[in-house]
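Asker: My file is work01.cif. It has mmCIF, C-alpha atoms:
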data_input
#
loop_
_atom_site.group_PDB
_atom_site.id
_atom_site.type_symbol
_atom_site.label_atom_id
_atom_site.label_comp_id
_atom_site.auth_asym_id
_atom_site.auth_seq_id
_atom_site.Cartn_x
_atom_site.Cartn_y
_atom_site.Cartn_z
ATOM 1 C CA TYR J 1306 -31.588 -144.684 111.782
ATOM 2 C CA ASP J 1307 -28.988 -144.552 114.587
ATOM 3 C CA ALA J 1308 -29.607 -148.234 115.425
ATOM 4 C CA GLU J 1309 -29.082 -149.223 111.799
ATOM 5 C CA ARG J 1310 -25.932 -147.119 111.626
ATOM 6 C CA LEU J 1311 -24.557 -148.814 114.771
ATOM 7 C CA MET J 1312 -25.430 -152.270 113.394
ATOM 8 C CA ILE J 1313 -23.681 -151.491 110.100
ATOM 9 C CA ASP J 1314 -20.637 -150.184 111.972
ATOM 10 C CA GLN J 1315 -20.490 -153.449 113.967
ATOM 11 C CA GLN J 1316 -20.756 -155.499 110.775
ATOM 12 C CA LEU J 1317 -17.981 -153.482 109.161
ATOM 13 C CA ALA J 1318 -15.803 -153.945 112.234
ATOM 14 C CA TYR J 1319 -16.484 -157.731 112.163
ATOM 15 C CA LEU J 1320 -15.586 -157.923 108.464
ATOM 16 C CA GLU J 1321 -12.413 -155.942 109.105
ATOM 17 C CA GLN J 1322 -11.460 -158.404 111.884
ATOM 18 C CA GLU J 1323 -12.141 -161.339 109.552
ATOM 19 C CA ARG J 1324 -9.999 -159.743 106.833
ATOM 20 C CA ARG J 1325 -7.115 -159.238 109.259
ATOM 21 C CA ARG J 1326 -7.493 -162.830 110.553
ATOM 22 C CA ALA J 1327 -7.393 -164.160 106.968
ATOM 23 C CA GLU J 1328 -4.259 -162.126 106.238
ATOM 24 C CA ARG J 1329 -2.652 -163.369 109.471
ATOM 25 C CA ASP J 1330 -3.502 -167.008 108.656
ATOM 26 C CA LYS J 1331 -2.102 -166.503 105.160
ATOM 27 C CA LEU J 1332 1.183 -165.153 106.532
ATOM 28 C CA ILE J 1333 1.394 -168.050 109.028
ATOM 29 C CA GLU J 1334 0.793 -170.604 106.251
ATOM 30 C CA VAL J 1335 3.425 -168.925 104.037
ATOM 31 C CA GLN J 1336 5.968 -169.039 106.877
ATOM 32 C CA ARG J 1337 5.143 -172.702 107.577
ATOM 33 C CA PHE J 1338 5.503 -173.582 103.894
ATOM 34 C CA ARG J 1339 8.853 -171.820 103.710
ATOM 35 C CA ALA J 1340 10.061 -173.579 106.871
ATOM 36 C CA THR J 1341 9.012 -177.050 105.667
ATOM 37 C CA GLN J 1342 9.386 -176.930 101.877
ATOM 38 C CA GLN J 1343 11.927 -174.198 101.167
ATOM 39 C CA GLY J 1344 14.694 -174.877 103.678
ATOM 40 C CA ARG J 1345 18.327 -174.651 102.713
ATOM 41 C CA PRO J 1346 18.979 -178.435 102.891
ATOM 42 C CA LEU J 1347 16.149 -179.030 100.395
ATOM 43 C CA ALA J 1348 17.601 -176.785 97.732
ATOM 44 C CA ARG J 1349 18.958 -178.409 94.573
ATOM 45 C CA GLU J 1350 22.295 -176.619 94.819
ATOM 46 C CA PHE J 1351 22.734 -177.232 98.550
ATOM 47 C CA ASP J 1352 25.491 -179.783 97.914
ATOM 48 C CA LEU J 1353 27.544 -177.015 96.272
ATOM 49 C CA ASN J 1354 27.135 -174.632 99.254
ATOM 50 C CA ASN J 1355 27.086 -177.115 102.136
ATOM 51 C CA PRO J 1356 29.374 -175.757 104.926
ATOM 52 C CA ASN J 1357 29.742 -179.277 106.449
ATOM 53 C CA GLU J 1358 30.769 -180.950 103.185
ATOM 54 C CA LEU J 1359 34.232 -181.914 104.405
ATOM 55 C CA LEU J 1360 32.899 -183.217 107.732
ATOM 56 C CA GLU J 1361 30.302 -185.387 106.019
ATOM 57 C CA ASP J 1362 32.658 -186.608 103.303
ATOM 58 C CA VAL J 1363 33.281 -190.412 103.023
ATOM 59 C CA PRO J 1364 36.250 -192.335 101.682
ATOM 60 C CA GLY J 1365 36.858 -192.560 97.973
ATOM 61 C CA ARG J 1366 35.383 -196.100 97.756
ATOM 62 C CA THR J 1367 33.239 -197.924 100.290
ATOM 63 C CA ALA J 1368 32.219 -200.854 98.086
ATOM 64 C CA ASP J 1369 32.331 -202.132 94.563
ATOM 65 C CA ASP J 1370 28.860 -200.758 93.774
ATOM 66 C CA ASP J 1371 29.686 -197.286 95.150
ATOM 67 C CA ALA J 1372 27.905 -194.749 92.963
ATOM 68 C CA ARG J 1373 30.547 -192.060 93.573
ATOM 69 C CA LEU J 1374 33.276 -193.956 91.712
ATOM 70 C CA SER J 1375 34.413 -192.321 88.473
ATOM 71 C CA VAL J 1376 36.653 -193.246 85.540
ATOM 72 C CA SER J 1377 39.346 -190.772 86.530
ATOM 73 C CA GLY J 1378 39.510 -192.322 89.997
ATOM 74 C CA MET J 1379 40.481 -195.691 88.442
ATOM 75 C CA GLN J 1380 38.568 -197.537 91.139
ATOM 76 C CA LYS J 1381 36.089 -199.161 88.844
ATOM 77 C CA PHE J 1382 36.186 -199.609 85.088
ATOM 78 C CA TYR J 1383 33.383 -199.473 82.569
ATOM 79 C CA GLY J 1384 32.984 -203.159 82.038
ATOM 80 C CA GLU J 1385 32.542 -203.796 85.742
ATOM 81 C CA ASP J 1386 29.467 -201.472 86.296
ATOM 82 C CA LEU J 1387 26.645 -204.004 86.363
ATOM 83 C CA ALA J 1388 24.109 -201.676 88.057
ATOM 84 C CA HIS J 1389 24.298 -198.898 85.478
ATOM 85 C CA GLY J 1390 20.743 -199.337 84.137
ATOM 86 C CA GLN J 1391 19.267 -199.714 87.604
ATOM 87 C CA ARG J 1392 21.080 -196.622 88.755
ATOM 88 C CA ILE J 1393 19.856 -194.589 85.748
ATOM 89 C CA LYS J 1394 16.328 -195.833 86.374
ATOM 90 C CA ALA J 1395 16.527 -194.887 90.048
ATOM 91 C CA GLN J 1396 17.821 -191.447 89.114
ATOM 92 C CA LYS J 1397 14.984 -190.925 86.631
ATOM 93 C CA GLU J 1398 12.476 -192.128 89.240
ATOM 94 C CA GLU J 1399 13.950 -189.754 91.761
ATOM 95 C CA ILE J 1400 13.804 -186.876 89.246
ATOM 96 C CA ARG J 1401 10.205 -187.824 88.419
ATOM 97 C CA GLN J 1402 9.372 -187.861 92.123
ATOM 98 C CA TRP J 1403 10.995 -184.448 92.585
ATOM 99 C CA CYS J 1404 9.028 -183.042 89.643
ATOM 100 C CA SER J 1405 5.804 -184.551 91.002
ATOM 101 C CA GLU J 1406 6.439 -183.051 94.434
ATOM 102 C CA ALA J 1407 7.309 -179.653 92.917
ATOM 103 C CA ALA J 1408 4.160 -179.752 90.713
ATOM 104 C CA ALA J 1409 2.008 -180.795 93.704
ATOM 105 C CA ALA J 1410 3.518 -178.015 95.846
ATOM 106 C CA LYS J 1411 2.961 -175.499 93.049
ATOM 107 C CA ALA J 1412 -0.618 -176.679 92.532
ATOM 108 C CA GLU J 1413 -1.244 -176.500 96.295
ATOM 109 C CA GLN J 1414 0.190 -172.998 96.390
ATOM 110 C CA GLN J 1415 -1.945 -171.930 93.429
ATOM 111 C CA ARG J 1416 -5.008 -173.471 95.088
ATOM 112 C CA MET J 1417 -4.302 -171.596 98.325
ATOM 113 C CA VAL J 1418 -3.787 -168.363 96.395
ATOM 114 C CA LYS J 1419 -7.067 -168.884 94.545
ATOM 115 C CA GLU J 1420 -8.883 -169.651 97.800
ATOM 116 C CA GLU J 1421 -7.433 -166.531 99.416
ATOM 117 C CA GLU J 1422 -8.347 -164.428 96.379
ATOM 118 C CA ALA J 1423 -11.848 -165.941 96.377
ATOM 119 C CA ALA J 1424 -12.201 -165.221 100.113
ATOM 120 C CA PHE J 1425 -10.927 -161.686 99.619
ATOM 121 C CA ALA J 1426 -13.284 -161.144 96.653
ATOM 122 C CA ALA J 1427 -16.170 -162.513 98.740
ATOM 123 C CA SER J 1428 -15.298 -160.135 101.577
ATOM 124 C CA LEU J 1429 -15.124 -157.257 99.080
ATOM 125 C CA GLN J 1430 -18.505 -158.258 97.686
ATOM 126 C CA ASN J 1431 -19.932 -158.376 101.207
ATOM 127 C CA ILE J 1432 -18.476 -154.970 101.945
ATOM 128 C CA ASP J 1433 -19.850 -153.593 98.648
ATOM 129 C CA ALA J 1434 -23.253 -155.074 99.445
ATOM 130 C CA MET J 1435 -23.182 -153.531 102.911
ATOM 131 C CA LYS J 1436 -22.073 -150.197 101.466
ATOM 132 C CA SER J 1437 -24.861 -150.351 98.864
ATOM 133 C CA GLN J 1438 -27.365 -151.179 101.585
ATOM 134 C CA MET J 1439 -26.054 -148.332 103.763
ATOM 135 C CA GLU J 1440 -26.194 -145.914 100.843
ATOM 136 C CA ALA J 1441 -29.746 -147.029 100.007
ATOM 137 C CA THR J 1442 -30.760 -146.611 103.651
ATOM 138 C CA ALA J 1443 -29.076 -143.195 103.759
ATOM 139 C CA ARG J 1444 -30.821 -142.169 100.524
ATOM 140 C CA GLU J 1445 -34.168 -143.244 101.917
ATOM 141 C CA ALA J 1446 -33.468 -141.356 105.143
ATOM 142 C CA ARG J 1447 -32.405 -138.250 103.205
ATOM 143 C CA THR J 1448 -35.467 -138.525 100.989
ATOM 144 C CA SER J 1449 -37.717 -138.788 104.032
ATOM 145 C CA ILE J 1450 -35.983 -135.869 105.730
ATOM 146 C CA ASN J 1451 -36.138 -133.757 102.563
ATOM 147 C CA LYS J 1452 -39.825 -134.562 102.186
ATOM 148 C CA SER J 1453 -40.483 -133.589 105.804
ATOM 149 C CA VAL J 1454 -38.481 -130.369 105.343
ATOM 150 C CA ALA J 1455 -40.350 -129.594 102.108
ATOM 151 C CA ASP J 1456 -43.726 -130.145 103.811
ATOM 152 C CA TYR J 1457 -42.637 -127.956 106.725
ATOM 153 C CA ASN J 1458 -41.381 -125.250 104.345
ATOM 154 C CA GLN J 1459 -44.663 -125.340 102.397
ATOM 155 C CA ALA J 1460 -46.626 -124.996 105.633
ATOM 156 C CA GLN J 1461 -44.386 -122.107 106.718
ATOM 157 C CA ALA J 1462 -44.750 -120.443 103.305
ATOM 158 C CA ALA J 1463 -48.550 -120.772 103.460
ATOM 159 C CA SER J 1464 -48.552 -119.357 106.984
ATOM 160 C CA LYS J 1465 -46.292 -116.496 105.877
ATOM 161 C CA ARG J 1466 -48.556 -115.705 102.911
ATOM 162 C CA GLU J 1467 -51.584 -115.692 105.214
ATOM 163 C CA ARG J 1468 -49.829 -113.358 107.652
ATOM 164 C CA GLU J 1469 -48.722 -111.051 104.837
ATOM 165 C CA ARG J 1470 -52.276 -110.954 103.419
ATOM 166 C CA ALA J 1471 -53.709 -110.138 106.866
ATOM 167 C CA GLN J 1472 -51.016 -107.472 107.339
ATOM 168 C CA GLN J 1473 -51.819 -105.932 103.946
ATOM 169 C CA VAL J 1474 -55.558 -105.867 104.779
ATOM 170 C CA TYR J 1475 -54.810 -104.283 108.151
ATOM 171 C CA GLU J 1476 -52.479 -101.650 106.614
ATOM 172 C CA LEU J 1477 -55.060 -100.860 103.931
ATOM 173 C CA GLN J 1478 -57.751 -100.339 106.586
ATOM 174 C CA CYS J 1479 -55.380 -98.147 108.602
ATOM 175 C CA ASN J 1480 -54.505 -96.074 105.526
ATOM 176 C CA VAL J 1481 -58.185 -95.582 104.649
ATOM 177 C CA GLU J 1482 -58.976 -94.549 108.198
ATOM 178 C CA GLU J 1483 -56.016 -92.167 108.226
ATOM 179 C CA ILE J 1484 -57.107 -90.564 104.941
ATOM 180 C CA GLN J 1485 -60.646 -90.163 106.216
ATOM 181 C CA ALA J 1486 -59.392 -88.674 109.483
ATOM 182 C CA ASN J 1487 -57.172 -86.195 107.624
ATOM 183 C CA LEU J 1488 -59.985 -85.219 105.292
ATOM 184 C CA ALA J 1489 -62.408 -84.723 108.178
ATOM 185 C CA GLY J 1490 -59.915 -83.081 110.571
ATOM 186 C CA THR J 1491 -58.200 -79.698 110.674
ATOM 187 C CA THR J 1492 -54.654 -80.957 110.134
ATOM 188 C CA LEU J 1493 -54.624 -80.443 106.365
ATOM 189 C CA THR J 1494 -56.909 -77.383 106.316
ATOM 190 C CA GLU J 1495 -55.678 -73.817 105.939
ATOM 191 C CA ASP J 1496 -57.569 -72.421 108.946
ATOM 192 C CA PRO J 1497 -55.087 -70.213 110.828
ATOM 193 C CA SER J 1498 -57.171 -70.358 113.998
ATOM 194 C CA VAL J 1499 -56.081 -73.945 114.677
ATOM 195 C CA GLY J 1500 -52.484 -72.726 115.037
ATOM 196 C CA ARG J 1501 -53.383 -70.529 118.046
ATOM 197 C CA SER J 1502 -53.134 -71.884 121.550
ATOM 198 C CA TYR J 1503 -56.324 -72.281 123.556
ATOM 199 C CA VAL J 1504 -54.421 -71.244 126.693
ATOM 200 C CA ALA J 1505 -53.237 -67.856 125.345
ATOM 201 C CA PRO J 1506 -54.172 -66.443 121.931
ATOM 202 C CA ASN J 1507 -50.751 -64.798 121.551
ATOM 203 C CA ARG J 1508 -49.034 -68.228 121.667
ATOM 204 C CA LEU J 1509 -48.674 -70.527 118.671
ATOM 205 C CA ARG J 1510 -48.965 -74.280 118.439
ATOM 206 C CA PRO J 1511 -46.077 -75.659 116.347
ATOM 207 C CA ASP J 1512 -47.939 -78.888 115.590
ATOM 208 C CA HIS J 1513 -50.942 -76.959 114.149
ATOM 209 C CA TYR J 1514 -49.183 -73.913 112.721
ATOM 210 C CA LYS J 1515 -50.647 -72.843 109.320
ATOM 211 C CA GLY J 1516 -48.353 -69.958 108.453
ATOM 212 C CA MET J 1517 -48.199 -66.215 109.131
ATOM 213 C CA SER J 1518 -50.994 -63.760 108.736
ATOM 214 C CA PRO J 1519 -50.784 -60.959 106.099
ATOM 215 C CA GLU J 1520 -49.888 -58.415 108.817
ATOM 216 C CA GLU J 1521 -47.039 -60.622 110.042
ATOM 217 C CA GLN J 1522 -45.847 -61.170 106.482
ATOM 218 C CA GLN J 1523 -45.843 -57.369 105.885
ATOM 219 C CA LEU J 1524 -43.826 -56.825 109.063
ATOM 220 C CA VAL J 1525 -41.292 -59.367 107.868
ATOM 221 C CA LEU J 1526 -41.061 -57.689 104.457
ATOM 222 C CA ASN J 1527 -40.575 -54.276 106.085
ATOM 223 C CA GLU J 1528 -37.862 -55.678 108.333
ATOM 224 C CA GLN J 1529 -36.129 -57.253 105.324
ATOM 225 C CA ALA J 1530 -36.243 -53.927 103.430
ATOM 226 C CA LEU J 1531 -34.760 -52.108 106.443
ATOM 227 C CA GLN J 1532 -32.014 -54.700 106.683
ATOM 228 C CA ARG J 1533 -31.220 -54.280 102.969
ATOM 229 C CA GLU J 1534 -30.935 -50.484 103.407
ATOM 230 C CA GLN J 1535 -28.684 -50.942 106.442
ATOM 231 C CA LYS J 1536 -26.555 -53.389 104.522
ATOM 232 C CA ALA J 1537 -26.243 -51.014 101.551
ATOM 233 C CA GLU J 1538 -25.294 -48.143 103.894
ATOM 234 C CA ALA J 1539 -22.686 -50.334 105.576
ATOM 235 C CA ALA J 1540 -21.311 -51.296 102.157
ATOM 236 C CA ARG J 1541 -21.023 -47.603 101.110
ATOM 237 C CA THR J 1542 -19.311 -46.724 104.383
ATOM 238 C CA ALA J 1543 -16.878 -49.635 103.984
ATOM 239 C CA LEU J 1544 -16.161 -48.576 100.384
ATOM 240 C CA ALA J 1545 -15.422 -44.974 101.471
ATOM 241 C CA GLU J 1546 -13.159 -46.212 104.264
ATOM 242 C CA LYS J 1547 -11.372 -48.496 101.842
ATOM 243 C CA GLN J 1548 -10.843 -45.674 99.341
ATOM 244 C CA ALA J 1549 -9.492 -43.393 102.106
ATOM 245 C CA SER J 1550 -7.189 -46.150 103.312
ATOM 246 C CA ASP J 1551 -5.974 -46.765 99.738
ATOM 247 C CA ALA J 1552 -5.252 -43.075 99.260
ATOM 248 C CA THR J 1553 -3.307 -42.940 102.534
ATOM 249 C CA LEU J 1554 -1.306 -46.020 101.577
ATOM 250 C CA GLU J 1555 -0.533 -44.522 98.143
ATOM 251 C CA GLN J 1556 0.697 -41.284 99.769
ATOM 252 C CA ILE J 1557 2.877 -43.257 102.178
ATOM 253 C CA ARG J 1558 4.252 -45.306 99.263
ATOM 254 C CA GLN J 1559 5.194 -42.155 97.321
ATOM 255 C CA LEU J 1560 6.909 -40.675 100.403
ATOM 256 C CA ARG J 1561 8.847 -43.921 100.874
ATOM 257 C CA CYS J 1562 9.892 -43.903 97.223
ATOM 258 C CA GLN J 1563 11.162 -40.286 97.566
ATOM 259 C CA SER J 1564 13.004 -41.174 100.779
ATOM 260 C CA GLU J 1565 14.592 -44.219 99.146
ATOM 261 C CA THR J 1566 15.714 -42.028 96.185
ATOM 262 C CA LEU J 1567 17.320 -39.479 98.528
ATOM 263 C CA VAL J 1568 19.005 -42.223 100.552
ATOM 264 C CA ALA J 1569 20.358 -43.829 97.374
ATOM 265 C CA ALA J 1570 21.738 -40.453 96.150
ATOM 266 C CA LYS J 1571 23.335 -39.782 99.555
ATOM 267 C CA ARG J 1572 24.907 -43.224 99.592
ATOM 268 C CA SER J 1573 26.315 -42.670 96.082
ATOM 269 C CA GLU J 1574 27.806 -39.336 97.161
ATOM 270 C CA ILE J 1575 29.369 -40.947 100.255
ATOM 271 C CA ARG J 1576 30.859 -43.751 98.137
ATOM 272 C CA THR J 1577 32.309 -41.174 95.724
ATOM 273 C CA GLN J 1578 33.923 -39.220 98.605
ATOM 274 C CA CYS J 1579 35.348 -42.461 100.069
ATOM 275 C CA MET J 1580 36.813 -43.437 96.723
ATOM 276 C CA GLU J 1581 38.423 -39.985 96.329
ATOM 277 C CA GLU J 1582 39.903 -40.114 99.837
ATOM 278 C CA ASN J 1583 41.227 -43.626 99.252
ATOM 279 C CA ARG J 1584 42.839 -42.496 95.993
ATOM 280 C CA LYS J 1585 44.547 -39.566 97.777
ATOM 281 C CA LEU J 1586 45.771 -41.807 100.570
ATOM 282 C CA ALA J 1587 47.153 -44.318 98.052
ATOM 283 C CA THR J 1588 49.025 -41.537 96.200
ATOM 284 C CA GLU J 1589 50.504 -40.199 99.454
ATOM 285 C CA GLN J 1590 51.511 -43.696 100.564
ATOM 286 C CA MET J 1591 53.209 -44.404 97.246
ATOM 287 C CA ALA J 1592 55.116 -41.085 97.397
ATOM 288 C CA ASN J 1593 56.239 -41.716 100.992
ATOM 289 C CA THR J 1594 57.359 -45.260 100.160
ATOM 290 C CA SER J 1595 59.308 -44.003 97.119
ATOM 291 C CA TYR J 1596 61.039 -41.294 99.218
ATOM 292 C CA LEU J 1597 62.048 -43.787 101.889
ATOM 293 C CA GLU J 1598 63.381 -46.323 99.376
ATOM 294 C CA LYS J 1599 65.283 -43.834 97.160
ATOM 295 C CA THR J 1600 66.394 -41.153 99.640
ATOM 296 C CA VAL J 1601 66.423 -42.358 103.239
ATOM 297 C CA TYR J 1602 67.091 -46.069 102.985
ATOM 298 C CA MET J 1603 69.325 -46.347 99.939
ATOM 299 C CA ASN J 1604 71.236 -49.358 101.471
ATOM 300 C CA VAL J 1605 74.372 -48.983 99.294
ATOM 301 C CA ILE J 1606 77.507 -50.957 100.468
ATOM 302 C CA ASP J 1607 80.805 -49.037 100.086
ATOM 303 C CA GLU J 1608 84.496 -50.139 100.321
ATOM 304 C CA GLY J 1609 84.699 -49.308 104.037
ATOM 305 C CA PHE J 1610 82.305 -52.158 104.860
ATOM 306 C CA TYR J 1611 84.653 -54.750 103.392
ATOM 307 C CA SER J 1612 87.883 -53.213 104.797
ATOM 308 C CA GLN J 1613 86.887 -53.827 108.411
ATOM 309 C CA PHE J 1614 87.298 -57.599 108.111
ATOM 310 C CA ASN J 1615 90.639 -59.488 108.590
ATOM 311 C CA THR J 1616 92.511 -56.512 110.064
ATOM 312 C CA THR J 1617 93.570 -58.130 113.377
ATOM 313 C CA SER J 1618 94.722 -61.521 114.626
ATOM 314 C CA ARG J 1619 94.553 -63.319 117.941
#
Turn this file's structure into structure tokens for me.
Answerer:
Amino acid sequence: YDAERLMIDQQLAYLEQERRRAERDKLIEVQRFRATQQGRPLAREFDLNNPNELLEDVPGRTADDDARLSVSGMQKFYGEDLAHGQRIKAQKEEIRQWCSEAAAAKAEQQRMVKEEEAAFAASLQNIDAMKSQMEATAREARTSINKSVADYNQAQAASKRERERAQQVYELQCNVEEIQANLAGTTLTEDPSVGRSYVAPNRLRPDHYKGMSPEEQQLVLNEQALQREQKAEAARTALAEKQASDATLEQIRQLRCQSETLVAAKRSEIRTQCMEENRKLATEQMANTSYLEKTVYMNVIDEGFYSQFNTTSR
């Protein structure tokens, strides 16, 4: 498969080189055709755009049969043109020759285009054929690989089924043997003697323990009853302590309420005394201020105050 893939890659590379060579030859031929057949001097309107027209110009008349002579030039009159028919014929022949050359060039160009298109189509067909062959080869390879994988998977599935069947048979045998061993052994029995140690009868074997004896169960029940009585006694004691604590707290609360009432009454009495003292002080202050303003500091200006001014001179 790898050899075929390498061979196909080489063929594709060769076809790609051929396609590039054909394109290069086409471009070279187009450039050659343009250089030989489409130059500026060969254009029909070159005489109108010729930069050397003045340098190549000739005198107005070189001979009597000069084709450039016109009626307006008054160099040659109508009755004197004896080569008119021959000139017209030569012009038509020249036009016919130009048309033939243009048609031949166009036909040649169309032929070259058709050949290039045919070559390109052939290369495309070759590439399509190679691609089809590669795809067919790849499909065959994939089909072969898928078939091999399917056969391998079937073999693996059969092997897995065989292993699972053998494992199921083995597990079934083990389960039957385990059931028989449990039925025949002392593991599932209720014999308390198997729970005692063979080294010391007072020791128990946790892996063979079958439960407590009736005496041990009775001891446990007695211990549980004693614990319930102790718990009930502790609950009664806690309840009595809680009731005593509540009574003490209630007594303290009542004493605090009485103290707060007495404090509030004392504060009210103190505020009343302060208000009375402040009222007395305000009355005394008002009386003192009135006495000072009306009796002591009357501040009345008499005539003697004004007579002391302007009594002397410098």
Asker: Just want the 12 Å neighbourhood of Tyr1319 (chain J), counted on all atoms listed in the file, with same-chain residues fewer than 6 positions away dropped. Output as a ChimeraX atom specification.
Answerer: /J:1312-1313,1325-1326,1428,1431-1432
Asker: Could you save those same residues with C-alpha atoms as a PDB file, keeping the file's coordinate frame?
Answerer:
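Output contents, as saved in out_20.pdb:
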ATOM      1  CA  MET J1312     -25.430-152.270 113.394  1.00  0.00           C
ATOM      2  CA  ILE J1313     -23.681-151.491 110.100  1.00  0.00           C
ATOM      3  CA  ARG J1325      -7.115-159.238 109.259  1.00  0.00           C
ATOM      4  CA  ARG J1326      -7.493-162.830 110.553  1.00  0.00           C
ATOM      5  CA  SER J1428     -15.298-160.135 101.577  1.00  0.00           C
ATOM      6  CA  ASN J1431     -19.932-158.376 101.207  1.00  0.00           C
ATOM      7  CA  ILE J1432     -18.476-154.970 101.945  1.00  0.00           C
TER       8      ILE J1432
END
Asker: What is the distance, in Å and to one decimal place, between CA of Pro1511 (chain J) and CA of Val1525 (chain J)?
Answerer: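 Here the two named atoms are 19.0 Å from each other.
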Asker: Counting all atoms listed in the file, which of J:Met1591, J:Met1435, J:Ala1408, J:Leu1360 gets nearest to Ala1318 (chain J)?
Answerer: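 Comparing J:Met1591, J:Met1435, J:Ala1408, J:Leu1360 against Ala1318 (chain J), the winner is J:Met1435.
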Asker: Between CA of Glu1323 (chain J) and CA of Ala1424 (chain J), what is the distance in Å, rounded to a tenth?
Answerer: 10.2 Å
